[in-house]
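See below for upload.cif, which holds mmCIF, C-alpha atoms and all ligand atoms.
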data_coords
loop_
_atom_site.label_atom_id
_atom_site.label_comp_id
_atom_site.auth_asym_id
_atom_site.auth_seq_id
_atom_site.Cartn_x
_atom_site.Cartn_y
_atom_site.Cartn_z
CA MET Y 1 -139.63 8.43 183.34
CA ASN Y 2 -141.93 5.45 183.79
CA ASN Y 3 -142.09 2.71 181.24
CA PRO Y 4 -145.62 2.21 179.90
CA PRO Y 5 -146.64 -0.61 177.58
CA ILE Y 6 -148.00 -0.09 174.07
CA THR Y 7 -151.76 -0.61 174.32
CA ALA Y 8 -152.97 0.20 170.81
CA ILE Y 9 -151.63 0.28 167.25
CA GLU Y 10 -153.64 1.64 164.35
CA TRP Y 11 -152.40 1.50 160.79
CA GLY Y 12 -153.85 2.86 157.57
CA THR Y 13 -152.83 4.37 154.27
CA LEU Y 14 -153.81 7.89 153.25
CA VAL Y 15 -153.52 8.93 149.63
CA GLY Y 16 -151.78 12.13 148.65
CA GLN Y 17 -151.54 13.96 145.38
CA ARG Y 18 -148.70 15.75 143.61
CA PRO Y 19 -149.31 19.09 141.89
CA ARG Y 20 -148.67 17.30 138.58
CA GLN Y 21 -147.95 13.79 137.42
CA ALA Y 22 -144.36 12.61 137.94
CA GLY Y 23 -143.04 10.99 134.78
CA CYS Y 24 -140.34 8.40 134.18
CA ASN Y 25 -136.89 8.03 135.57
CA SER Y 26 -134.17 6.39 133.46
CA ARG Y 27 -135.41 2.89 134.39
CA LEU Y 28 -139.07 3.13 135.36
CA ALA Y 29 -142.30 4.19 133.74
CA VAL Y 30 -144.50 7.07 134.88
CA HIS Y 31 -144.61 7.52 138.66
CA GLY Y 32 -147.97 9.26 138.56
CA LEU Y 33 -150.05 11.70 140.49
CA ASN Y 34 -150.97 9.77 143.62
CA VAL Y 35 -148.75 8.89 146.55
CA GLN Y 36 -149.47 6.17 149.10
CA VAL Y 37 -148.86 7.42 152.63
CA PRO Y 38 -148.92 4.46 155.06
CA LEU Y 39 -149.07 5.66 158.67
CA ALA Y 40 -149.08 3.95 162.05
CA ARG Y 41 -150.27 5.47 165.30
CA ILE Y 42 -149.25 3.91 168.57
CA THR Y 43 -150.76 4.60 171.98
CA THR Y 44 -149.28 3.90 175.39
CA ALA Y 45 -151.10 2.91 178.58
CA GLU Y 46 -150.78 6.52 179.74
CA GLY Y 47 -152.82 7.60 176.68
CA ILE Y 48 -150.02 9.35 174.77
CA THR Y 49 -149.82 8.76 171.03
CA GLY Y 50 -147.17 9.02 168.37
CA PHE Y 51 -147.59 8.55 164.63
CA GLY Y 52 -145.54 8.47 161.52
CA PRO Y 53 -144.86 6.79 158.20
CA CYS Y 54 -144.64 3.06 158.63
CA ARG Y 55 -144.93 -0.16 156.67
CA LEU Y 56 -146.34 -2.77 158.99
CA THR Y 57 -148.37 -5.97 158.78
CA GLN Y 58 -151.03 -6.76 161.35
CA ARG Y 59 -149.06 -9.78 162.42
CA GLU Y 60 -145.95 -7.70 163.03
CA ALA Y 61 -147.98 -5.08 164.88
CA ASN Y 62 -149.31 -7.77 167.20
CA THR Y 63 -145.82 -8.51 168.44
CA PHE Y 64 -145.48 -4.90 169.70
CA LEU Y 65 -148.73 -4.84 171.67
CA GLY Y 66 -147.89 -4.97 175.35
CA ALA Y 67 -144.20 -4.23 174.72
CA HIS Y 68 -142.75 -1.66 177.08
CA LEU Y 69 -141.65 1.59 175.56
CA ASN Y 70 -138.13 1.58 176.98
CA ASP Y 71 -137.50 -1.73 175.23
CA LEU Y 72 -138.43 -0.15 171.90
CA ILE Y 73 -136.80 3.29 172.06
CA SER Y 74 -134.57 5.25 174.38
CA PRO Y 75 -133.10 8.74 174.13
CA GLU Y 76 -129.61 7.24 174.48
CA ARG Y 77 -129.74 4.49 171.86
CA GLY Y 78 -132.65 5.37 169.60
CA VAL Y 79 -134.94 2.65 168.29
CA ALA Y 80 -134.11 -0.98 169.12
CA THR Y 81 -133.46 -3.10 166.04
CA PRO Y 82 -136.53 -5.38 166.46
CA ALA Y 83 -138.75 -2.28 166.49
CA ALA Y 84 -137.23 -0.74 163.34
CA SER Y 85 -140.52 -0.97 161.41
CA LEU Y 86 -142.11 1.37 164.00
CA GLU Y 87 -139.23 3.81 163.94
CA CYS Y 88 -140.95 7.08 163.00
CA PRO Y 89 -144.04 6.57 165.21
CA LEU Y 90 -141.69 5.76 168.11
CA TRP Y 91 -139.59 8.91 167.64
CA ASP Y 92 -142.79 10.95 167.48
CA LEU Y 93 -144.07 9.25 170.63
CA LEU Y 94 -140.83 9.92 172.49
CA GLY Y 95 -141.11 13.55 171.41
CA GLN Y 96 -144.71 13.76 172.61
CA ARG Y 97 -143.80 12.25 175.99
CA THR Y 98 -140.82 14.54 176.54
CA GLY Y 99 -142.38 17.63 174.95
CA ARG Y 100 -139.39 17.92 172.60
CA PRO Y 101 -139.04 18.02 168.81
CA VAL Y 102 -137.45 14.91 167.32
CA TYR Y 103 -134.50 16.99 166.10
CA GLN Y 104 -133.70 17.87 169.73
CA LEU Y 105 -133.72 14.19 170.66
CA LEU Y 106 -131.49 13.29 167.71
CA ALA Y 107 -129.09 16.15 168.43
CA GLN Y 108 -128.85 15.09 172.07
CA GLN Y 109 -128.04 11.53 171.08
CA ALA Y 110 -125.31 12.87 168.80
CA GLY Y 111 -123.89 14.98 171.64
CA LYS Y 112 -124.98 18.27 170.06
CA SER Y 113 -127.33 20.98 171.19
CA VAL Y 114 -129.77 23.10 169.21
CA THR Y 115 -130.50 26.63 170.29
CA LYS Y 116 -131.76 28.32 167.14
CA PRO Y 117 -134.70 27.54 164.84
CA VAL Y 118 -133.66 24.75 162.49
CA ARG Y 119 -133.75 25.60 158.79
CA VAL Y 120 -132.61 22.85 156.47
CA PRO Y 121 -131.78 23.17 152.76
CA CYS Y 122 -134.06 21.12 150.53
CA TYR Y 123 -134.25 20.38 146.83
CA ASP Y 124 -137.18 20.09 144.47
CA THR Y 125 -137.10 16.44 143.40
CA SER Y 126 -140.00 16.70 140.97
CA LEU Y 127 -138.18 17.23 137.65
CA TYR Y 128 -138.86 13.79 136.17
CA ILE Y 129 -138.51 12.66 132.57
CA ASP Y 130 -141.82 14.23 131.58
CA ASP Y 131 -140.90 15.25 128.05
CA LEU Y 132 -140.87 11.97 126.12
CA HIS Y 133 -143.95 12.95 124.11
CA LEU Y 134 -142.17 16.04 122.78
CA THR Y 135 -140.23 15.58 119.57
CA THR Y 136 -137.68 18.37 119.81
CA ASP Y 137 -135.01 18.91 122.45
CA GLU Y 138 -136.03 22.53 122.58
CA ALA Y 139 -139.62 21.72 123.52
CA GLY Y 140 -138.57 19.00 125.98
CA ALA Y 141 -136.06 21.27 127.69
CA ALA Y 142 -138.59 24.12 127.85
CA LEU Y 143 -141.10 21.84 129.60
CA ILE Y 144 -138.66 20.76 132.32
CA ALA Y 145 -137.47 24.36 132.71
CA SER Y 146 -141.09 25.42 133.28
CA GLU Y 147 -141.38 22.77 136.00
CA ALA Y 148 -138.25 24.17 137.65
CA ARG Y 149 -139.78 27.65 137.55
CA PHE Y 150 -142.90 26.26 139.24
CA GLY Y 151 -140.67 24.97 142.05
CA TYR Y 152 -138.79 28.26 142.21
CA GLU Y 153 -142.03 30.15 142.65
CA HIS Y 154 -142.96 27.79 145.49
CA GLY Y 155 -139.75 28.56 147.38
CA HIS Y 156 -137.24 26.09 145.98
CA ARG Y 157 -133.68 27.13 145.20
CA SER Y 158 -132.20 23.68 144.53
CA PHE Y 159 -133.43 21.33 141.84
CA LYS Y 160 -132.81 17.70 140.97
CA ILE Y 161 -133.25 16.69 137.35
CA LYS Y 162 -133.84 13.10 136.27
CA VAL Y 163 -131.49 12.22 133.44
CA GLY Y 164 -130.51 9.07 131.58
CA ARG Y 165 -133.12 9.39 128.85
CA GLY Y 166 -130.91 7.32 126.56
CA ALA Y 167 -130.78 4.33 128.91
CA ARG Y 168 -134.21 3.04 127.99
CA HIS Y 169 -136.75 5.60 126.87
CA MET Y 170 -134.89 7.24 123.98
CA PRO Y 171 -132.13 6.11 121.60
CA LEU Y 172 -128.79 6.57 123.38
CA GLN Y 173 -127.36 9.58 121.54
CA GLU Y 174 -130.68 11.39 121.35
CA GLY Y 175 -131.32 10.78 125.02
CA ASN Y 176 -127.92 12.15 125.99
CA ARG Y 177 -128.46 15.21 123.83
CA ARG Y 178 -131.88 15.78 125.43
CA ASP Y 179 -130.37 15.44 128.93
CA VAL Y 180 -127.85 18.18 128.15
CA ALA Y 181 -130.50 20.46 126.66
CA VAL Y 182 -132.69 19.99 129.75
CA ILE Y 183 -129.85 20.74 132.18
CA ARG Y 184 -128.97 23.92 130.27
CA ALA Y 185 -132.58 25.09 130.12
CA VAL Y 186 -133.10 24.50 133.84
CA ARG Y 187 -129.92 26.44 134.65
CA ASP Y 188 -131.18 29.34 132.54
CA ALA Y 189 -134.58 29.16 134.23
CA VAL Y 190 -133.43 29.14 137.86
CA GLY Y 191 -130.40 31.42 137.64
CA ALA Y 192 -126.76 31.05 138.57
CA ASP Y 193 -127.26 30.90 142.35
CA ALA Y 194 -129.54 27.85 142.44
CA GLU Y 195 -128.06 24.39 142.98
CA ILE Y 196 -128.68 21.83 140.25
CA LEU Y 197 -128.39 18.12 140.91
CA ILE Y 198 -128.78 15.38 138.31
CA ASP Y 199 -129.89 11.79 138.91
CA ALA Y 200 -129.32 9.08 136.29
CA ASN Y 201 -130.82 6.19 138.30
CA ASN Y 202 -127.88 4.06 137.10
CA GLY Y 203 -128.69 4.87 133.47
CA TYR Y 204 -125.25 6.16 132.51
CA ASN Y 205 -121.93 4.40 132.24
CA LEU Y 206 -118.56 5.96 133.02
CA ASN Y 207 -118.02 7.39 129.54
CA ILE Y 208 -121.52 8.79 129.24
CA ALA Y 209 -121.18 10.38 132.69
CA LYS Y 210 -117.97 12.10 131.56
CA GLN Y 211 -119.56 13.20 128.30
CA ILE Y 212 -122.60 14.74 130.05
CA LEU Y 213 -120.42 16.45 132.67
CA THR Y 214 -118.16 17.80 129.92
CA GLU Y 215 -121.03 19.19 127.93
CA THR Y 216 -122.56 20.82 131.03
CA ALA Y 217 -119.27 21.95 132.59
CA ASP Y 218 -120.45 25.58 132.62
CA CYS Y 219 -123.69 24.64 134.42
CA ASN Y 220 -121.94 24.18 137.78
CA LEU Y 221 -123.74 20.96 138.76
CA PHE Y 222 -123.82 20.23 142.49
CA TRP Y 223 -124.01 16.44 142.32
CA LEU Y 224 -124.36 13.52 139.96
CA GLU Y 225 -126.50 10.84 141.59
CA GLU Y 226 -126.46 7.15 140.67
CA ALA Y 227 -124.49 7.60 137.46
CA PHE Y 228 -124.19 3.79 137.30
CA HIS Y 229 -124.42 1.04 139.87
CA GLU Y 230 -121.76 1.59 142.53
CA ASP Y 231 -118.41 0.28 141.38
CA GLY Y 232 -115.23 1.21 143.22
CA VAL Y 233 -113.00 1.05 140.16
CA LEU Y 234 -115.28 3.18 138.00
CA TYR Y 235 -116.03 5.69 140.75
CA GLU Y 236 -112.32 6.10 141.43
CA ASP Y 237 -111.82 6.84 137.75
CA LEU Y 238 -114.74 9.29 137.64
CA HIS Y 239 -113.65 11.04 140.82
CA ALA Y 240 -110.08 11.51 139.57
CA TRP Y 241 -111.36 12.71 136.20
CA ILE Y 242 -113.68 15.29 137.86
CA GLU Y 243 -110.71 16.65 139.77
CA ARG Y 244 -108.50 16.79 136.68
CA GLU Y 245 -111.24 18.61 134.77
CA GLY Y 246 -111.50 21.17 137.56
CA LEU Y 247 -115.21 20.41 138.11
CA SER Y 248 -116.83 20.69 141.52
CA VAL Y 249 -119.63 18.15 140.95
CA LEU Y 250 -120.02 15.62 143.78
CA ILE Y 251 -120.69 11.90 143.36
CA ALA Y 252 -123.85 10.83 145.21
CA ASP Y 253 -125.21 7.31 145.68
CA GLY Y 254 -126.83 4.88 148.08
CA GLU Y 255 -130.58 4.56 147.54
CA GLY Y 256 -132.20 1.23 146.66
CA GLN Y 257 -130.05 -1.88 146.46
CA ALA Y 258 -126.82 -0.09 147.28
CA SER Y 259 -123.48 -1.87 147.14
CA PRO Y 260 -122.45 -3.27 150.52
CA LEU Y 261 -119.09 -1.61 149.79
CA LEU Y 262 -120.59 1.86 149.44
CA LEU Y 263 -119.33 3.13 152.80
CA ASP Y 264 -115.86 1.86 151.92
CA PHE Y 265 -116.03 3.98 148.76
CA ALA Y 266 -117.09 6.94 150.93
CA ARG Y 267 -114.24 6.36 153.37
CA ASP Y 268 -111.82 6.13 150.42
CA GLY Y 269 -113.07 9.47 149.12
CA VAL Y 270 -114.52 8.34 145.79
CA VAL Y 271 -118.19 8.83 146.79
CA ASP Y 272 -118.98 12.26 148.23
CA VAL Y 273 -122.63 12.02 149.29
CA ILE Y 274 -124.46 9.04 150.85
CA GLN Y 275 -128.19 8.68 150.24
CA TYR Y 276 -129.51 5.70 152.18
CA ASP Y 277 -133.29 5.86 152.54
CA ILE Y 278 -134.57 7.67 155.62
CA PHE Y 279 -137.21 4.98 156.21
CA SER Y 280 -135.79 1.64 155.13
CA TYR Y 281 -132.32 2.41 156.50
CA GLY Y 282 -133.89 4.37 159.32
CA MET Y 283 -133.16 7.33 161.56
CA THR Y 284 -131.31 5.33 164.23
CA ASN Y 285 -128.92 3.79 161.69
CA TRP Y 286 -128.54 7.18 160.06
CA LEU Y 287 -127.44 8.72 163.38
CA GLU Y 288 -124.54 6.34 163.56
CA THR Y 289 -123.70 6.46 159.86
CA GLY Y 290 -124.03 10.25 159.73
CA ALA Y 291 -121.45 10.62 162.53
CA GLN Y 292 -119.11 8.31 160.63
CA LEU Y 293 -119.62 10.26 157.40
CA ASP Y 294 -118.93 13.52 159.26
CA ALA Y 295 -115.62 12.07 160.42
CA TRP Y 296 -114.77 11.21 156.80
CA ASN Y 297 -115.98 14.60 155.56
CA VAL Y 298 -118.64 12.92 153.41
CA ARG Y 299 -122.11 14.45 153.04
CA SER Y 300 -125.39 12.91 154.12
CA ALA Y 301 -128.56 13.32 152.02
CA PRO Y 302 -131.19 10.69 152.83
CA HIS Y 303 -133.43 9.46 150.03
CA HIS Y 304 -137.19 9.05 150.56
CA TYR Y 305 -139.05 9.76 147.31
CA GLY Y 306 -142.71 8.81 147.08
CA ARG Y 307 -144.00 8.74 150.65
CA HIS Y 308 -144.67 12.42 151.27
CA VAL Y 309 -143.80 12.41 155.00
CA GLY Y 310 -140.11 12.08 154.20
CA ASN Y 311 -140.27 15.79 153.30
CA TYR Y 312 -140.84 16.49 157.00
CA VAL Y 313 -139.03 13.65 158.75
CA SER Y 314 -135.66 13.78 156.97
CA GLY Y 315 -134.63 17.27 158.03
CA HIS Y 316 -134.65 16.38 161.73
CA LEU Y 317 -131.45 14.46 161.11
CA ALA Y 318 -129.73 17.71 160.13
CA ALA Y 319 -129.53 18.72 163.80
CA ALA Y 320 -127.38 15.67 164.50
CA VAL Y 321 -125.28 15.37 161.34
CA ASP Y 322 -122.97 18.24 160.37
CA GLY Y 323 -122.63 17.15 156.75
CA PHE Y 324 -126.38 16.93 156.15
CA ALA Y 325 -126.76 18.34 152.64
CA PHE Y 326 -130.44 18.45 151.65
CA VAL Y 327 -133.93 17.27 152.39
CA GLU Y 328 -135.38 15.64 149.27
CA TRP Y 329 -138.70 17.47 148.72
CA ASP Y 330 -141.43 15.64 146.80
CA GLU Y 331 -144.29 18.14 146.85
CA VAL Y 332 -147.50 16.33 147.82
CA SER Y 333 -150.67 17.25 149.61
CA THR Y 334 -152.39 14.47 151.55
CA PRO Y 335 -155.92 15.02 152.85
CA GLY Y 336 -155.89 14.05 156.52
CA LEU Y 337 -152.25 14.94 157.11
CA ASP Y 338 -151.34 18.50 158.03
CA GLY Y 339 -147.76 19.40 157.16
CA SER Y 340 -148.26 23.15 157.33
CA ALA Y 341 -145.88 23.39 160.28
CA TYR Y 342 -143.03 22.94 157.76
CA PRO Y 343 -142.94 26.16 155.70
CA LEU Y 344 -140.57 26.23 152.76
CA ALA Y 345 -138.92 29.47 151.66
CA GLU Y 346 -135.72 30.50 149.88
CA GLY Y 347 -134.68 26.89 149.44
CA GLN Y 348 -134.99 25.92 153.09
CA VAL Y 349 -137.58 24.17 155.19
CA LEU Y 350 -138.16 25.42 158.72
CA LEU Y 351 -138.68 22.60 161.23
CA PRO Y 352 -141.48 23.13 163.77
CA ASP Y 353 -140.47 23.76 167.38
CA ALA Y 354 -143.19 21.35 168.53
CA PRO Y 355 -143.14 17.94 170.23
CA GLY Y 356 -142.27 14.95 168.05
CA PHE Y 357 -142.48 15.64 164.33
CA GLY Y 358 -145.04 18.40 164.83
CA LEU Y 359 -147.45 16.86 162.33
CA THR Y 360 -151.17 16.43 162.88
CA LEU Y 361 -153.62 13.80 161.69
CA GLU Y 362 -157.22 14.55 160.91
CA GLU Y 363 -159.03 11.97 163.03
CA ASP Y 364 -161.96 11.25 160.70
CA ARG Y 365 -159.79 10.70 157.65
CA PHE Y 366 -157.35 8.50 159.50
CA GLN Y 367 -160.17 6.39 160.95
CA GLN Y 368 -161.62 6.02 157.45
CA ALA Y 369 -158.26 4.80 156.17
CA VAL Y 370 -157.84 2.38 159.08
CA ALA Y 371 -161.30 0.94 158.37
CA ALA Y 372 -160.88 0.85 154.59
CA ASN Y 373 -157.36 -0.48 154.14
CA GLY Y 374 -155.67 -0.94 157.52
CA PHE Y 375 -156.21 -2.40 160.97
CA ALA Y 376 -156.63 -1.39 164.58
CA LEU Y 377 -155.23 -3.45 167.47
CA PRO Y 378 -156.38 -4.70 169.87
MG MG K 401 -132.29 8.86 143.12
#

So that I can check it, write out the structure of this file as structure tokens.
Amino acid sequence: MNNPPITAIEWGTLVGQRPRQAGCNSRLAVHGLNVQVPLARITTAEGITGFGPCRLTQREANTFLGAHLNDLISPERGVATPAASLECPLWDLLGQRTGRPVYQLLAQQAGKSVTKPVRVPCYDTSLYIDDLHLTTDEAGAALIASEARFGYEHGHRSFKIKVGRGARHMPLQEGNRRDVAVIRAVRDAVGADAEILIDANNGYNLNIAKQILTETADCNLFWLEEAFHEDGVLYEDLHAWIEREGLSVLIADGEGQASPLLLDFARDGVVDVIQYDIFSYGMTNWLETGAQLDAWNVRSAPHHYGRHVGNYVSGHLAAAVDGFAFVEWDEVSTPGLDGSAYPLAEGQVLLPDAPGFGLTLEEDRFQQAVAANGFALP
């Protein structure tokens, strides 16, 4: 294949909306209704384009103009490190040029082949701490359970609940009690077959984690995410305790400012699921890390909350990584971006058998965004 230069880069931010406002997590205030969706579109001299989520300054973009495609991405090595900020647009572009879905390209790089339609489990990540205005645990738990039912009716079968109410937003004991009531109510609402994940955003400590897991032992939790900031000693203790208690809950961690020792903890078997961000860590790094995690029998579940397109992009990695657990699904609709090629049913998202990521941009809306808040080069 020839090696065309990049001749144009357009960048702009669309604004999406969630079906309802996302509330607090254990650390942060209300996350809100709107979602910023920054997108870059790159064009080669042959007139082929690729686009995807991307944080990019105009100055940075300038350095890619005129660069030859093979220096930025190749099917054998993925995206070159200096081009990491353009990662998703480049994968889409490579898909458009080869006529292949990104998951096929990723699988090939991992030495795997894909013959069947790719369906990837996903979880509803929208169960935030939305109940702080409610004075009783019963009312708070009923609210979050109703949110889980909303997800269930929209095809979800796995649900992640934000917990850690006692870390900041409520007095400690009351917050813990509310967390337990919420977990129980969600389990009742979604039935025994659904997977339930909880995420404390580092708002627990070791003893609180054990207390919550003890009090919800009959709820069959799938994972506990970010119980506290990664600590090898404490995770070793928690992991051994979980085994002694006969629980099956997994320990998940890795978003945000993860410990540089996290992969050591995974290798040592005290962290069960790694959650590096699909964008900031990136698909190319994930390919390598996912293979390593497979070898250690550790699961992969990339984080992406709050940028909409991660719903679609993340699942492509599942074709290359055996231990891929879930796509994180943050339900958003963004005028200008058509994600309808990714239908969600029975807890799984079906990836489109279309070139690149199989997403489409509405030209007028994207041009408006580029003019209003972005840039177009040259
Ligand atoms: Mg999290």

Could you give me, as a list in words, every polymer residue with an atom at most 7 Å away from an atom of ligand MG 401 (chain K), counting all atoms listed in the file?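 Within the 7 Å cut-off, the matching residues are Asp199, Asn201, Glu225, Glu226 and Glu255 of chain Y.
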
Local residues around (-119.2, 3.7, 151.3), at most 10 Å away, using only C-alpha atoms, as a list in words: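 So the residues meeting the distance criterion are Glu230, Gly232, Asp253, Gly254, Ala258, Ser259, Pro260, Leu261, Leu262, Leu263, Asp264, Phe265, Ala266, Arg267, Asp268, Gly269, Val270, Val271, Asp272, Val273, Ile274, Leu293 and Val298 of chain Y.
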
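From CA of Ala107 (chain Y) back to CA of Gly47 (chain Y), the distance works out to 26.5 Å.
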
Compile the contact shell of region 122-135 of chain Y as an NGL selection string: residues with an atom at most 6 Å away, counting only C-alpha atoms, same-chain residues fewer than 4 positions apart removed. :Y and (22-25 or 140 or 158-162 or 326-330 or 347-348)

Tell me, as a list of chain:residue names, which residues lie within 9 Å of Pro89 (chain Y), counting only C-alpha atoms; anything in the same chain fewer than 3 positions away does not count.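 Everything that qualifies: Y:Leu39, Y:Ala40, Y:Arg41, Y:Ile42, Y:Thr49, Y:Gly50, Y:Phe51, Y:Gly52, Y:Pro53, Y:Cys54, Y:Leu86, Y:Asp92, Y:Leu93, Y:Leu94.
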
Preceding selection exported with C-alpha atoms as a compact mmCIF listing (two decimals), in the coordinates of the input:
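That gives us selection.txt:
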# COMPACT_ATOMS: atom_id res chain seq x y z
CA LEU Y 39 -149.07 5.66 158.67
CA ALA Y 40 -149.08 3.95 162.05
CA ARG Y 41 -150.27 5.47 165.30
CA ILE Y 42 -149.25 3.91 168.57
CA THR Y 49 -149.82 8.76 171.03
CA GLY Y 50 -147.17 9.02 168.37
CA PHE Y 51 -147.59 8.55 164.63
CA GLY Y 52 -145.54 8.47 161.52
CA PRO Y 53 -144.86 6.79 158.20
CA CYS Y 54 -144.64 3.06 158.63
CA LEU Y 86 -142.11 1.37 164.00
CA ASP Y 92 -142.79 10.95 167.48
CA LEU Y 93 -144.07 9.25 170.63
CA LEU Y 94 -140.83 9.92 172.49

Local residues around (-150.1, 20.9, 159.7), at most 10 Å away, using only C-alpha atoms, as a list of chain:residue names: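 Result, sorted by chain then residue number: Y:Gly336, Y:Leu337, Y:Asp338, Y:Gly339, Y:Ser340, Y:Ala341, Y:Tyr342, Y:Pro343, Y:Pro352, Y:Gly358, Y:Leu359, Y:Thr360, Y:Leu361, Y:Glu362.
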
Keeping only C-alpha atoms, take the residues you just selected and write them out as a CSV table (one decimal), keeping the file's coordinate frame.
chain,number,residue,atom,x,y,z
Y,336,GLY,CA,-155.9,14.0,156.5
Y,337,LEU,CA,-152.2,14.9,157.1
Y,338,ASP,CA,-151.3,18.5,158.0
Y,339,GLY,CA,-147.8,19.4,157.2
Y,340,SER,CA,-148.3,23.2,157.3
Y,341,ALA,CA,-145.9,23.4,160.3
Y,342,TYR,CA,-143.0,22.9,157.8
Y,343,PRO,CA,-142.9,26.2,155.7
Y,352,PRO,CA,-141.5,23.1,163.8
Y,358,GLY,CA,-145.0,18.4,164.8
Y,359,LEU,CA,-147.4,16.9,162.3
Y,360,THR,CA,-151.2,16.4,162.9
Y,361,LEU,CA,-153.6,13.8,161.7
Y,362,GLU,CA,-157.2,14.6,160.9

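Note that CA of Arg307 (chain Y) and CA of Pro38 (chain Y) are 7.9 Å apart.
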
Top pick for closest residue to Ala8 (chain Y), considering Y:Ala376, Y:Tyr235, Y:Gly99, Y:Asp364 and counting only C-alpha atoms: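 Selected residue with least distance to Ala8 (chain Y): Y:Ala376.
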
So how many Å separate CA of Val370 (chain Y) and CA of Thr7 (chain Y), to one decimal? 16.7 Å

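Using all atoms listed in the file for every distance, the candidate list Y:Asn373, Y:Asn34, Y:Ser248, Y:Thr44 yields Y:Asn34 as the residue closest to His308 (chain Y).
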
Near region 279-284 of chain Y, counting only C-alpha atoms, which residues have an atom at most 7 Å away, once you skip same-chain residues fewer than 2 positions from it, shown as a PyMOL selection string? chain Y and resi 78-79+276-277+286-288+304

Show me a table, sorted first by chain and then by increasing residue number, of the residues of region 71-151 of chain Y having an atom at most 9 Å from region 183-191 of chain Y, each with its shortest atom pair and the distance in Å to one decimal, counting all atoms listed in the file and written as a Markdown table.
| residue | atom | partner | partner_atom | distance |
| --- | --- | --- | --- | --- |
| Y:Glu138 | CA | Y:Ala185 | CA | 8.7 |
| Y:Ala141 | CA | Y:Ala185 | CA | 5.7 |
| Y:Ala142 | CA | Y:Ala185 | CA | 6.5 |
| Y:Ile144 | CA | Y:Val186 | CA | 6.9 |
| Y:Ala145 | CA | Y:Val186 | CA | 4.5 |
| Y:Ser146 | CA | Y:Ala189 | CA | 7.6 |
| Y:Glu147 | CA | Y:Val186 | CA | 8.7 |
| Y:Ala148 | CA | Y:Val186 | CA | 6.4 |
| Y:Arg149 | CA | Y:Ala189 | CA | 6.4 |

In terms of the shortest atom-to-atom distance over all atoms listed in the file, which of Y:Glu195, Y:Arg119, Y:Tyr103, Y:Gln173 is closest to Ile212 (chain Y)?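 Closest to Ile212 (chain Y) of all the choices is Y:Gln173.
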
Could you tell me which of Y:His316, Y:Gly356, Y:Leu33, Y:Asn207 comes closest to Ile48 (chain Y) if we count only C-alpha atoms?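 Counting only C-alpha atoms, the residue closest to Ile48 (chain Y) is Y:Gly356.
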
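If you count all atoms listed in the file and ignore residues fewer than 5 places along the chain from Pro335 (chain Y), what sits within 10 Å of it is Leu14, Val15, Gly16, Gln17, Leu361, Glu362, Arg365 and Phe366 of chain Y.
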